[in-house]
>>> print(open('upload_18.cif').read())   # mmCIF, C-alpha atoms
data_upload
loop_
_atom_site.label_atom_id
_atom_site.label_comp_id
_atom_site.auth_asym_id
_atom_site.auth_seq_id
_atom_site.Cartn_x
_atom_site.Cartn_y
_atom_site.Cartn_z
CA MET Y 1 -2.98 14.86 35.01
CA ALA Y 2 -4.41 11.65 33.56
CA PRO Y 3 -2.54 8.35 34.04
CA SER Y 4 0.27 7.37 31.67
CA LEU Y 5 0.78 3.91 30.18
CA SER Y 6 3.14 2.23 27.75
CA PRO Y 7 1.65 0.32 24.78
CA THR Y 8 2.51 -2.95 26.56
CA GLN Y 9 0.75 -1.84 29.75
CA LEU Y 10 -2.23 -0.74 27.65
CA GLN Y 11 -2.55 -4.22 26.19
CA THR Y 12 -2.49 -5.77 29.66
CA ILE Y 13 -5.10 -3.39 31.07
CA LEU Y 14 -7.50 -3.73 28.14
CA SER Y 15 -7.38 -7.51 28.55
CA LYS Y 16 -8.72 -7.10 32.09
CA GLN Y 17 -11.06 -4.11 32.09
CA ALA Y 18 -13.23 -1.91 29.90
CA PRO Y 19 -11.52 0.88 27.96
CA ALA Y 20 -11.73 4.54 28.86
CA PRO Y 21 -13.63 6.95 26.58
CA LEU Y 22 -10.56 9.10 25.81
CA TYR Y 23 -6.94 8.29 25.02
CA LEU Y 24 -3.97 10.28 23.79
CA VAL Y 25 -1.25 8.27 22.02
CA LEU Y 26 1.65 10.68 22.16
CA GLY Y 27 5.34 10.39 21.32
CA GLU Y 28 7.96 10.53 18.59
CA GLU Y 29 8.35 6.75 18.14
CA ASP Y 30 6.04 5.85 15.27
CA VAL Y 31 6.44 2.10 15.82
CA LEU Y 32 5.01 2.46 19.34
CA ARG Y 33 2.17 4.64 18.10
CA ASP Y 34 1.23 2.05 15.49
CA GLN Y 35 1.50 -0.66 18.13
CA ALA Y 36 -0.89 1.21 20.44
CA VAL Y 37 -3.48 1.68 17.68
CA ALA Y 38 -3.24 -2.03 16.86
CA VAL Y 39 -3.86 -2.85 20.53
CA PHE Y 40 -7.02 -0.72 20.54
CA LYS Y 41 -8.34 -2.36 17.37
CA ALA Y 42 -7.68 -5.88 18.62
CA ALA Y 43 -9.15 -5.27 22.08
CA LEU Y 44 -12.20 -3.23 21.11
CA LEU Y 45 -13.17 -4.54 17.70
CA GLY Y 46 -11.93 -8.10 17.45
CA GLU Y 47 -12.58 -9.84 14.15
CA GLY Y 48 -15.19 -8.41 11.84
CA GLY Y 49 -15.79 -5.28 13.88
CA ASP Y 50 -14.55 -2.71 11.39
CA PHE Y 51 -18.02 -1.23 10.90
CA ASN Y 52 -17.64 0.19 14.43
CA TYR Y 53 -14.29 1.74 13.54
CA ASP Y 54 -13.60 5.15 11.99
CA LEU Y 55 -10.24 6.70 11.16
CA PHE Y 56 -9.58 10.42 10.64
CA TYR Y 57 -6.45 12.38 9.77
CA GLY Y 58 -5.83 15.78 11.31
CA ASP Y 59 -4.95 17.47 8.03
CA GLU Y 60 -8.15 16.25 6.35
CA ALA Y 61 -10.88 16.08 9.00
CA THR Y 62 -13.03 18.81 10.51
CA GLY Y 63 -13.95 19.06 14.15
CA ALA Y 64 -17.62 18.72 13.25
CA ASP Y 65 -16.98 15.47 11.36
CA ILE Y 66 -15.19 13.97 14.36
CA ARG Y 67 -17.83 15.20 16.80
CA ASN Y 68 -20.68 13.74 14.75
CA CYS Y 69 -18.89 10.44 14.35
CA VAL Y 70 -18.11 9.88 18.04
CA SER Y 71 -21.73 10.66 18.93
CA GLU Y 72 -23.04 7.71 16.89
CA LEU Y 73 -24.14 4.57 18.71
CA PRO Y 74 -22.27 1.30 18.10
CA ALA Y 75 -23.85 -1.28 15.80
CA PHE Y 76 -24.32 -4.73 17.34
CA ALA Y 77 -21.47 -4.10 19.79
CA ALA Y 78 -20.86 -2.46 23.14
CA ARG Y 79 -18.44 0.20 21.89
CA ARG Y 80 -17.21 2.18 18.90
CA LEU Y 81 -13.57 3.07 18.22
CA VAL Y 82 -12.66 6.38 16.58
CA VAL Y 83 -9.00 7.19 15.89
CA VAL Y 84 -7.63 10.59 14.87
CA LYS Y 85 -4.09 10.28 13.51
CA ALA Y 86 -1.77 13.28 13.05
CA ALA Y 87 -3.88 15.13 15.61
CA GLU Y 88 -1.29 17.92 15.72
CA LYS Y 89 -2.41 18.91 12.20
CA LEU Y 90 -5.97 19.70 13.27
CA PRO Y 91 -6.41 23.46 12.77
CA ALA Y 92 -7.01 25.32 16.03
CA LYS Y 93 -10.47 26.45 14.91
CA GLU Y 94 -11.45 22.84 14.20
CA THR Y 95 -10.47 21.74 17.70
CA GLU Y 96 -12.74 24.28 19.42
CA VAL Y 97 -15.86 22.26 18.70
CA LEU Y 98 -14.23 19.24 20.39
CA ILE Y 99 -13.37 20.86 23.72
CA ASP Y 100 -16.84 20.42 25.19
CA TYR Y 101 -16.85 16.79 24.07
CA LEU Y 102 -13.56 16.14 25.89
CA ASN Y 103 -15.21 17.21 29.14
CA ARG Y 104 -18.31 15.07 28.50
CA PRO Y 105 -17.36 12.15 26.23
CA VAL Y 106 -19.84 9.53 25.03
CA GLU Y 107 -19.40 6.41 27.14
CA THR Y 108 -20.06 3.99 24.27
CA THR Y 109 -17.24 5.46 22.14
CA THR Y 110 -13.50 5.29 22.66
CA LEU Y 111 -11.87 8.28 20.99
CA VAL Y 112 -8.11 8.03 20.43
CA PHE Y 113 -5.96 10.97 19.37
CA VAL Y 114 -2.57 10.00 17.92
CA SER Y 115 0.27 12.50 17.58
CA ALA Y 116 4.04 12.79 17.68
CA LYS Y 117 3.80 16.16 19.44
CA LEU Y 118 1.06 18.61 20.42
CA ASP Y 119 1.11 22.35 21.00
CA GLY Y 120 0.69 22.72 24.77
CA ARG Y 121 -0.51 26.32 24.40
CA LEU Y 122 -3.80 25.31 22.79
CA LYS Y 123 -6.91 24.99 24.97
CA PHE Y 124 -7.70 21.77 23.13
CA THR Y 125 -4.34 20.24 24.08
CA GLN Y 126 -4.72 21.32 27.70
CA ALA Y 127 -8.20 19.80 27.94
CA LEU Y 128 -7.10 16.62 26.19
CA THR Y 129 -4.11 16.01 28.46
CA ARG Y 130 -6.33 16.55 31.51
CA GLN Y 131 -9.06 14.14 30.46
CA ALA Y 132 -7.41 11.46 28.33
CA VAL Y 133 -5.38 8.45 29.36
CA LEU Y 134 -1.88 9.07 28.01
CA ILE Y 135 -0.12 6.30 26.07
CA ASP Y 136 3.54 7.25 26.16
CA CYS Y 137 5.30 6.57 22.84
CA SER Y 138 8.52 8.41 23.53
CA PRO Y 139 11.76 6.83 22.24
CA LEU Y 140 12.81 3.97 24.49
CA LYS Y 141 15.66 4.33 26.91
CA GLU Y 142 18.74 2.16 26.53
CA TRP Y 143 17.65 -0.18 29.31
CA GLN Y 144 14.24 -0.65 27.68
CA LEU Y 145 15.54 -1.73 24.27
CA ASP Y 146 16.52 -5.27 25.28
CA GLY Y 147 13.02 -6.12 26.46
CA TRP Y 148 11.48 -4.69 23.29
CA ILE Y 149 13.91 -6.61 21.05
CA VAL Y 150 13.23 -9.89 22.87
CA LYS Y 151 9.46 -9.47 22.59
CA GLU Y 152 9.57 -8.55 18.89
CA ALA Y 153 11.90 -11.46 18.23
CA GLU Y 154 9.56 -13.89 19.97
CA GLN Y 155 6.66 -12.73 17.82
CA LEU Y 156 8.77 -13.49 14.74
CA GLY Y 157 9.81 -16.90 16.07
CA LEU Y 158 13.38 -15.84 16.79
CA ARG Y 159 15.65 -16.56 19.74
CA LEU Y 160 18.58 -14.17 20.13
CA ASP Y 161 21.59 -14.57 22.37
CA GLN Y 162 22.92 -11.59 24.33
CA GLN Y 163 25.66 -10.86 21.81
CA ALA Y 164 23.13 -10.74 18.97
CA GLN Y 165 20.98 -8.26 20.89
CA GLN Y 166 24.01 -6.05 21.52
CA ALA Y 167 25.08 -6.29 17.87
CA LEU Y 168 21.63 -5.14 16.75
CA LYS Y 169 21.78 -2.13 19.05
CA ASP Y 170 25.32 -1.31 17.92
CA PHE Y 171 24.35 -1.44 14.24
CA VAL Y 172 20.93 0.24 14.37
CA GLY Y 173 20.97 2.32 17.53
CA GLY Y 174 17.65 3.10 19.17
CA SER Y 175 15.48 3.21 16.03
CA LEU Y 176 12.65 0.74 16.59
CA GLN Y 177 11.79 0.83 12.90
CA GLY Y 178 15.37 -0.11 12.06
CA LEU Y 179 15.47 -2.82 14.72
CA ARG Y 180 12.19 -4.30 13.53
CA ARG Y 181 13.43 -4.33 9.93
CA GLU Y 182 16.62 -6.16 10.94
CA LEU Y 183 14.65 -8.68 13.02
CA GLU Y 184 12.33 -9.38 10.09
CA LYS Y 185 15.34 -10.01 7.86
CA LEU Y 186 16.83 -12.34 10.47
CA ALA Y 187 13.53 -14.24 10.64
CA ALA Y 188 13.68 -14.82 6.88
CA TYR Y 189 17.39 -15.62 6.89
CA THR Y 190 17.77 -17.85 9.95
CA LEU Y 191 16.79 -21.51 10.06
CA ALA Y 192 14.02 -22.47 12.49
CA ASN Y 193 14.91 -23.57 16.01
CA ARG Y 194 18.37 -22.03 15.87
CA VAL Y 195 19.60 -19.34 18.23
CA VAL Y 196 20.56 -16.15 16.40
CA THR Y 197 24.12 -15.03 17.10
CA ALA Y 198 26.06 -11.84 16.53
CA ALA Y 199 27.62 -13.50 13.47
CA ASP Y 200 24.14 -13.79 11.91
CA VAL Y 201 23.49 -10.11 12.55
CA GLU Y 202 26.83 -9.18 11.03
CA ALA Y 203 26.17 -11.38 7.98
CA LEU Y 204 23.20 -9.20 7.09
CA ARG Y 205 24.80 -5.90 7.99
CA GLY Y 206 28.48 -6.16 7.19
CA LEU Y 207 29.31 -5.13 3.62
CA LYS Y 208 31.90 -3.11 1.82
CA PRO Y 209 31.40 0.40 0.44
CA GLY Y 210 30.69 0.67 -3.27
CA GLU Y 211 28.65 -2.50 -3.74
CA SER Y 212 26.46 -2.12 -6.78
CA ILE Y 213 23.52 -3.68 -8.56
CA PHE Y 214 26.10 -5.88 -10.30
CA ASP Y 215 27.24 -7.17 -6.88
CA LEU Y 216 23.62 -7.71 -5.85
CA THR Y 217 22.89 -9.74 -8.98
CA ARG Y 218 26.00 -11.85 -8.42
CA ALA Y 219 25.10 -12.47 -4.76
CA ILE Y 220 21.64 -13.64 -5.83
CA ALA Y 221 23.18 -15.88 -8.49
CA ASP Y 222 25.41 -17.40 -5.81
CA GLY Y 223 22.40 -17.98 -3.57
CA GLN Y 224 23.98 -15.81 -0.86
CA ARG Y 225 20.83 -14.60 0.88
CA GLY Y 226 22.61 -12.81 3.69
CA ARG Y 227 24.94 -10.87 1.42
CA ALA Y 228 22.14 -10.02 -1.03
CA LEU Y 229 19.95 -8.63 1.77
CA ALA Y 230 22.93 -6.74 3.18
CA ILE Y 231 23.55 -5.04 -0.17
CA VAL Y 232 19.89 -4.06 -0.35
CA ALA Y 233 20.01 -2.69 3.21
CA ARG Y 234 23.15 -0.66 2.47
CA ASN Y 235 21.63 0.97 -0.60
CA LEU Y 236 18.33 1.73 1.11
CA GLU Y 237 20.10 3.29 4.08
CA ALA Y 238 22.21 5.34 1.68
CA GLY Y 239 19.00 6.93 0.40
CA GLU Y 240 18.09 4.75 -2.56
CA SER Y 241 14.32 4.19 -2.83
CA PRO Y 242 12.95 0.64 -3.05
CA LEU Y 243 11.33 1.42 -6.40
CA SER Y 244 14.53 2.75 -7.98
CA LEU Y 245 16.52 -0.20 -6.63
CA LEU Y 246 13.95 -2.56 -8.12
CA GLY Y 247 14.25 -0.71 -11.43
CA ALA Y 248 18.02 -1.11 -11.41
CA LEU Y 249 17.69 -4.81 -10.66
CA ALA Y 250 15.19 -5.25 -13.50
CA TRP Y 251 17.51 -3.31 -15.80
CA GLN Y 252 20.37 -5.68 -14.99
CA TYR Y 253 18.29 -8.80 -15.64
CA ARG Y 254 17.02 -7.38 -18.94
CA ARG Y 255 20.64 -7.02 -20.05
CA ILE Y 256 21.34 -10.61 -19.01
CA TRP Y 257 18.31 -11.75 -21.04
CA ARG Y 258 19.46 -9.82 -24.12
CA ALA Y 259 22.99 -11.20 -23.77
CA LYS Y 260 21.76 -14.78 -23.51
CA GLU Y 261 19.57 -14.39 -26.60
CA LEU Y 262 22.49 -12.89 -28.48
CA LEU Y 263 24.75 -15.78 -27.47
CA ALA Y 264 22.08 -18.34 -28.42
CA ASP Y 265 21.77 -16.72 -31.87
CA GLY Y 266 25.48 -17.19 -32.47
CA GLY Y 267 26.69 -13.83 -31.28
CA ARG Y 268 30.36 -13.38 -30.57
CA GLU Y 269 31.63 -13.16 -27.02
CA GLY Y 270 32.86 -9.63 -27.66
CA GLU Y 271 29.32 -8.52 -28.57
CA VAL Y 272 27.88 -10.27 -25.54
CA ALA Y 273 30.48 -8.67 -23.28
CA LYS Y 274 29.55 -5.27 -24.69
CA VAL Y 275 25.90 -5.80 -23.76
CA LEU Y 276 26.90 -6.84 -20.24
CA ARG Y 277 29.66 -4.20 -20.00
CA MET Y 278 32.04 -6.88 -18.78
CA ASP Y 279 35.40 -8.23 -19.76
CA PRO Y 280 34.92 -10.91 -22.50
CA VAL Y 281 36.78 -13.40 -20.30
CA GLN Y 282 33.96 -13.16 -17.76
CA ALA Y 283 30.91 -12.95 -19.99
CA ARG Y 284 30.22 -16.59 -20.90
CA SER Y 285 30.89 -17.98 -17.40
CA PHE Y 286 28.76 -15.23 -15.88
CA LEU Y 287 25.81 -16.03 -18.16
CA ALA Y 288 26.13 -19.72 -17.26
CA CYS Y 289 24.82 -18.74 -13.81
CA PHE Y 290 21.47 -17.76 -15.36
CA PRO Y 291 19.56 -20.47 -17.28
CA MET Y 292 16.88 -18.94 -19.51
CA GLU Y 293 14.00 -20.49 -17.55
CA TYR Y 294 15.46 -18.91 -14.41
CA VAL Y 295 15.61 -15.48 -16.08
CA GLN Y 296 12.00 -15.84 -17.24
CA ALA Y 297 10.87 -16.73 -13.71
CA ILE Y 298 12.78 -13.72 -12.39
CA SER Y 299 10.93 -11.46 -14.82
CA ARG Y 300 7.58 -12.56 -13.42
CA LEU Y 301 8.71 -11.90 -9.84
CA LEU Y 302 10.04 -8.46 -10.79
CA PHE Y 303 6.72 -7.57 -12.41
CA GLU Y 304 4.79 -8.63 -9.30
CA ALA Y 305 7.08 -6.63 -7.02
CA ASP Y 306 6.74 -3.58 -9.26
CA SER Y 307 2.94 -3.85 -9.06
CA HIS Y 308 3.08 -4.04 -5.26
CA LEU Y 309 5.41 -1.06 -4.92
CA LYS Y 310 3.38 1.15 -7.28
CA GLY Y 311 0.00 0.08 -5.93
CA SER Y 312 -1.75 1.68 -3.01
CA GLY Y 313 -1.87 -1.61 -1.13
CA SER Y 314 1.83 -1.71 -0.27
CA SER Y 315 2.53 0.07 3.03
CA ARG Y 316 5.91 -1.60 3.55
CA PRO Y 317 7.95 -1.15 0.37
CA LYS Y 318 11.24 -2.23 1.97
CA MET Y 319 9.77 -5.57 2.92
CA VAL Y 320 8.43 -6.05 -0.62
CA LEU Y 321 11.95 -5.60 -1.96
CA GLU Y 322 13.55 -7.85 0.65
CA GLN Y 323 11.00 -10.61 0.04
CA LEU Y 324 11.73 -10.35 -3.67
CA VAL Y 325 15.46 -10.83 -3.07
CA LEU Y 326 14.81 -13.87 -0.88
CA ARG Y 327 12.55 -15.40 -3.53
CA LEU Y 328 15.18 -14.81 -6.20
CA CYS Y 329 17.72 -16.63 -4.04
CA GLU Y 330 15.26 -19.48 -3.59
CA LEU Y 331 14.97 -19.81 -7.36
CA VAL Y 332 18.72 -20.38 -7.47
CA ALA Y 333 18.36 -23.31 -5.07
CA GLU Y 334 15.59 -24.75 -7.27
CA LYS Y 335 17.77 -24.85 -10.41
CA PRO Y 336 18.53 -28.40 -11.61
CA PRO Y 337 22.03 -29.80 -11.00
CA GLY Y 338 24.49 -29.76 -13.85
CA PRO Y 339 27.30 -27.70 -15.33
CA GLN Y 340 25.28 -24.48 -14.91
CA ARG Y 341 25.10 -25.02 -11.14
CA THR Y 342 28.61 -23.56 -10.67
CA MET Y 343 27.63 -20.13 -9.48
CA THR Y 344 30.86 -18.17 -9.33
CA PRO Y 345 33.63 -19.50 -11.57
CA PRO Y 346 37.17 -18.53 -10.50
CA GLY Y 347 37.64 -16.47 -13.64
CA LEU Y 348 34.70 -14.29 -12.72
CA ARG Y 349 36.51 -12.90 -9.70
CA ARG Y 350 39.93 -12.63 -11.31
CA GLY Y 351 38.80 -10.96 -14.54
CA ARG Y 352 38.96 -7.22 -15.08
CA THR Y 353 35.64 -5.39 -14.98
CA VAL Y 354 35.25 -2.85 -17.77
CA SER Y 355 32.33 -1.19 -16.01
CA ASN Y 356 30.82 -1.67 -12.58
CA VAL Y 357 27.43 -1.50 -14.24
CA ARG Y 358 25.27 0.91 -12.27
CA THR Y 359 26.27 1.63 -8.70
CA VAL Y 360 23.15 2.10 -6.62
CA ARG Y 361 24.60 4.10 -3.79
CA SER Y 362 24.17 7.78 -3.15
CA GLY Y 363 27.11 8.27 -0.79
CA ASN Y 364 29.25 6.86 1.96
CA ARG Y 365 27.76 6.55 5.41
CA THR Y 366 29.55 7.93 8.39
CA GLY Y 367 29.59 6.93 11.99
CA ARG Y 368 30.18 3.21 11.42
#
>>> encode(input="upload_18.cif", output="structure tokens")
Amino acid sequence: MAPSLSPTQLQTILSKQAPAPLYLVLGEEDVLRDQAVAVFKAALLGEGGDFNYDLFYGDEATGADIRNCVSELPAFAARRLVVVKAAEKLPAKETEVLIDYLNRPVETTTLVFVSAKLDGRLKFTQALTRQAVLIDCSPLKEWQLDGWIVKEAEQLGLRLDQQAQQALKDFVGGSLQGLRRELEKLAAYTLANRVVTAADVEALRGLKPGESIFDLTRAIADGQRGRALAIVARNLEAGESPLSLLGALAWQYRRIWRAKELLADGGREGEVAKVLRMDPVQARSFLACFPMEYVQAISRLLFEADSHLKGSGSSRPKMVLEQLVLRLCELVAEKPPGPQRTMTPPGLRRGRTVSNVRTVRSGNRTGR
């Protein structure tokens, strides 16, 4: 059995010695798998070394393609890096041509197979586990989570107290993807040089069931970054996609734009309230929260976010949406002082809502 390392141990070893020719990055935690691949790229390629890097996917590549690629010599470097992601999807017949290579790998190439789980009955898997250095990406144990949270927080410039760490684990559980997402939100939400507390964590996570796109728009208008991000998180966790949530937000702002134009053209408050689907008592004070230049700036940001989400370049759609919400809240802070700066008039909360606009929530969560 080949040695087993964690992604952190891998980074330490590669900083001190030459890499092995074969590695197997194996485990169900996709964050750790991505971290391990990033470590290989940084250690072996450095900056500008992508021409010595090749990436294959198990459901697309053939064994012959991989074998030919790993046999090539590096260009102006000591070593090549070849990564095969989703290795479990390589058809058995395609792996046969690779078995001999596993027993006699090329010393100037580092070949990395990445997989959540492999079929131990296959000869290819048996040969690979014998010859390759194993990078263990299994879900972390409870006692390992604190160290991972602290390290990720440090990379984001965050300092968390013990209660904040516990609150994160209580809210998210052991999902590293979920923990990373919450830490990234905290980094955007928390002022520099301030220790993050459990109250900060709860400000982003604690929200009431049934909050809608109307509530999100109001939170943005109030400049409440924490509450706005919390509403987004709730809807995403309930199953709403980032693109559909963006569409609902754009739909709401288009209605605000139409209502403001109608009011500017002398429209009656009853007509404006009908466009907004609000009680007439609320309509005018609600629109006062949105100067026309602010709505126009919002439209540009929505268009940019839509382009990112629909384009092939966006690999982190949730972050695109969260960054949009933060920018919208920043626009509120940039509005000039004056009568329109009153963000939530008392009548807005006391008035009766004719319609809750469009509730972006697919169902109640359980287990909280």
>>> residues_around(input="upload_18.cif", residues="region 136-144 of chain Y", least_positions_apart="4", cutoff="9 Å", atoms="all atoms listed in the file", output="list of chain:residue names")
Y:Ser4, Y:Leu5, Y:Ser6, Y:Pro7, Y:Leu24, Y:Val25, Y:Leu26, Y:Gly27, Y:Glu28, Y:Glu29, Y:Asp30, Y:Val31, Y:Leu32, Y:Arg33, Y:Ala36, Y:Ala116, Y:Trp148, Y:Ile149, Y:Gly174, Y:Ser175, Y:Leu176
>>> residues_around(input="upload_18.cif", residues="Asp59 (chain Y)", least_positions_apart="5", cutoff="9 Å", atoms="only C-alpha atoms", output="ChimeraX atom specification")
/Y:86-91
>>> resolve_selection(input="upload_18.cif", expression="the PyMOL selection byres ((chain Y and resi 324) around 12)", output="PyMOL selection string")
chain Y and resi 188+220+225+228-229+232+242+245-246+249-250+297-306+308-309+317-323+325-331
>>> write_last_selection(input="upload_18.cif", atoms="C-alpha atoms", output="PDB file, in the coordinates of the input")
ATOM      1  CA  ALA Y 188      13.680 -14.820   6.880  1.00  0.00           C
ATOM      2  CA  ILE Y 220      21.640 -13.640  -5.830  1.00  0.00           C
ATOM      3  CA  ARG Y 225      20.830 -14.600   0.880  1.00  0.00           C
ATOM      4  CA  ALA Y 228      22.140 -10.020  -1.030  1.00  0.00           C
ATOM      5  CA  LEU Y 229      19.950  -8.630   1.770  1.00  0.00           C
ATOM      6  CA  VAL Y 232      19.890  -4.060  -0.350  1.00  0.00           C
ATOM      7  CA  PRO Y 242      12.950   0.640  -3.050  1.00  0.00           C
ATOM      8  CA  LEU Y 245      16.520  -0.200  -6.630  1.00  0.00           C
ATOM      9  CA  LEU Y 246      13.950  -2.560  -8.120  1.00  0.00           C
ATOM     10  CA  LEU Y 249      17.690  -4.810 -10.660  1.00  0.00           C
ATOM     11  CA  ALA Y 250      15.190  -5.250 -13.500  1.00  0.00           C
ATOM     12  CA  ALA Y 297      10.870 -16.730 -13.710  1.00  0.00           C
ATOM     13  CA  ILE Y 298      12.780 -13.720 -12.390  1.00  0.00           C
ATOM     14  CA  SER Y 299      10.930 -11.460 -14.820  1.00  0.00           C
ATOM     15  CA  ARG Y 300       7.580 -12.560 -13.420  1.00  0.00           C
ATOM     16  CA  LEU Y 301       8.710 -11.900  -9.840  1.00  0.00           C
ATOM     17  CA  LEU Y 302      10.040  -8.460 -10.790  1.00  0.00           C
ATOM     18  CA  PHE Y 303       6.720  -7.570 -12.410  1.00  0.00           C
ATOM     19  CA  GLU Y 304       4.790  -8.630  -9.300  1.00  0.00           C
ATOM     20  CA  ALA Y 305       7.080  -6.630  -7.020  1.00  0.00           C
ATOM     21  CA  ASP Y 306       6.740  -3.580  -9.260  1.00  0.00           C
ATOM     22  CA  HIS Y 308       3.080  -4.040  -5.260  1.00  0.00           C
ATOM     23  CA  LEU Y 309       5.410  -1.060  -4.920  1.00  0.00           C
ATOM     24  CA  PRO Y 317       7.950  -1.150   0.370  1.00  0.00           C
ATOM     25  CA  LYS Y 318      11.240  -2.230   1.970  1.00  0.00           C
ATOM     26  CA  MET Y 319       9.770  -5.570   2.920  1.00  0.00           C
ATOM     27  CA  VAL Y 320       8.430  -6.050  -0.620  1.00  0.00           C
ATOM     28  CA  LEU Y 321      11.950  -5.600  -1.960  1.00  0.00           C
ATOM     29  CA  GLU Y 322      13.550  -7.850   0.650  1.00  0.00           C
ATOM     30  CA  GLN Y 323      11.000 -10.610   0.040  1.00  0.00           C
ATOM     31  CA  VAL Y 325      15.460 -10.830  -3.070  1.00  0.00           C
ATOM     32  CA  LEU Y 326      14.810 -13.870  -0.880  1.00  0.00           C
ATOM     33  CA  ARG Y 327      12.550 -15.400  -3.530  1.00  0.00           C
ATOM     34  CA  LEU Y 328      15.180 -14.810  -6.200  1.00  0.00           C
ATOM     35  CA  CYS Y 329      17.720 -16.630  -4.040  1.00  0.00           C
ATOM     36  CA  GLU Y 330      15.260 -19.480  -3.590  1.00  0.00           C
ATOM     37  CA  LEU Y 331      14.970 -19.810  -7.360  1.00  0.00           C
TER      38      LEU Y 331
END
>>> closest_residue(input="upload_18.cif", among="Y:Val83, Y:Asp265, Y:Leu287, Y:Ala248", to="Phe56 (chain Y)", atoms="all atoms listed in the file")
Y:Val83
>>> closest_residue(input="upload_18.cif", among="Y:Ala153, Y:Val275, Y:Ala219, Y:Ala199", to="Ala187 (chain Y)", atoms="all atoms listed in the file")
Y:Ala153
>>> residues_around(input="upload_18.cif", residues="Lys85 (chain Y)", least_positions_apart="5", cutoff="8 Å", atoms="only C-alpha atoms", output="JSON list (two decimals) with C-alpha atoms, keeping the file's coordinate frame")
[["chain", "number", "residue", "atom", "x", "y", "z"],
["Y", 55, "LEU", "CA", -10.24, 6.70, 11.16],
["Y", 56, "PHE", "CA", -9.58, 10.42, 10.64],
["Y", 57, "TYR", "CA", -6.45, 12.38, 9.77],
["Y", 58, "GLY", "CA", -5.83, 15.78, 11.31],
["Y", 113, "PHE", "CA", -5.96, 10.97, 19.37],
["Y", 114, "VAL", "CA", -2.57, 10.00, 17.92],
["Y", 115, "SER", "CA", 0.27, 12.50, 17.58]]
>>> atom_distance(input="upload_18.cif", atom1="CA of Asp119 (chain Y)", atom2="CA of Ile66 (chain Y)")
19.5 Å
>>> atom_distance(input="upload_18.cif", atom1="CA of Val201 (chain Y)", atom2="CA of Phe214 (chain Y)")
23.4 Å
>>> atom_distance(input="upload_18.cif", atom1="CA of Val332 (chain Y)", atom2="CA of Leu216 (chain Y)")
13.7 Å
>>> closest_residue(input="upload_18.cif", among="Y:Phe124, Y:Val195, Y:Cys69, Y:Arg130", to="Arg159 (chain Y)", atoms="only C-alpha atoms")
Y:Val195
>>> closest_residue(input="upload_18.cif", among="Y:Leu22, Y:Leu179, Y:Val295, Y:Ala43", to="Arg104 (chain Y)", atoms="all atoms listed in the file")
Y:Leu22
>>> residues_around(input="upload_18.cif", residues="Leu276 (chain Y)", least_positions_apart="2", cutoff="8 Å", atoms="all atoms listed in the file", output="MDAnalysis selection string")
chainID Y and resid 255:256 259 272:274 278 283
>>> axis_aligned_box(input="upload_18.cif", around="region 134-137 of chain Y", padding_each_side="4 Å", output="lines of an AutoDock Vina configuration file")
center_x = 1.7
center_y = 7.7
center_z = 25.4
size_x = 15.2
size_y = 10.8
size_z = 13.2
>>> residues_around(input="upload_18.cif", residues="region 12-21 of chain Y", least_positions_apart="6", cutoff="9 Å", atoms="only C-alpha atoms", output="ChimeraX atom specification")
/Y:39-40,43-44,105-112,132-133
>>> closest_residue(input="upload_18.cif", among="Y:Ala42, Y:Asp65, Y:Leu128, Y:Arg181", to="Leu236 (chain Y)", atoms="all atoms listed in the file")
Y:Arg181
>>> closest_residue(input="upload_18.cif", among="Y:Ala92, Y:Ile135, Y:Leu45, Y:Val196", to="Leu122 (chain Y)", atoms="only C-alpha atoms")
Y:Ala92
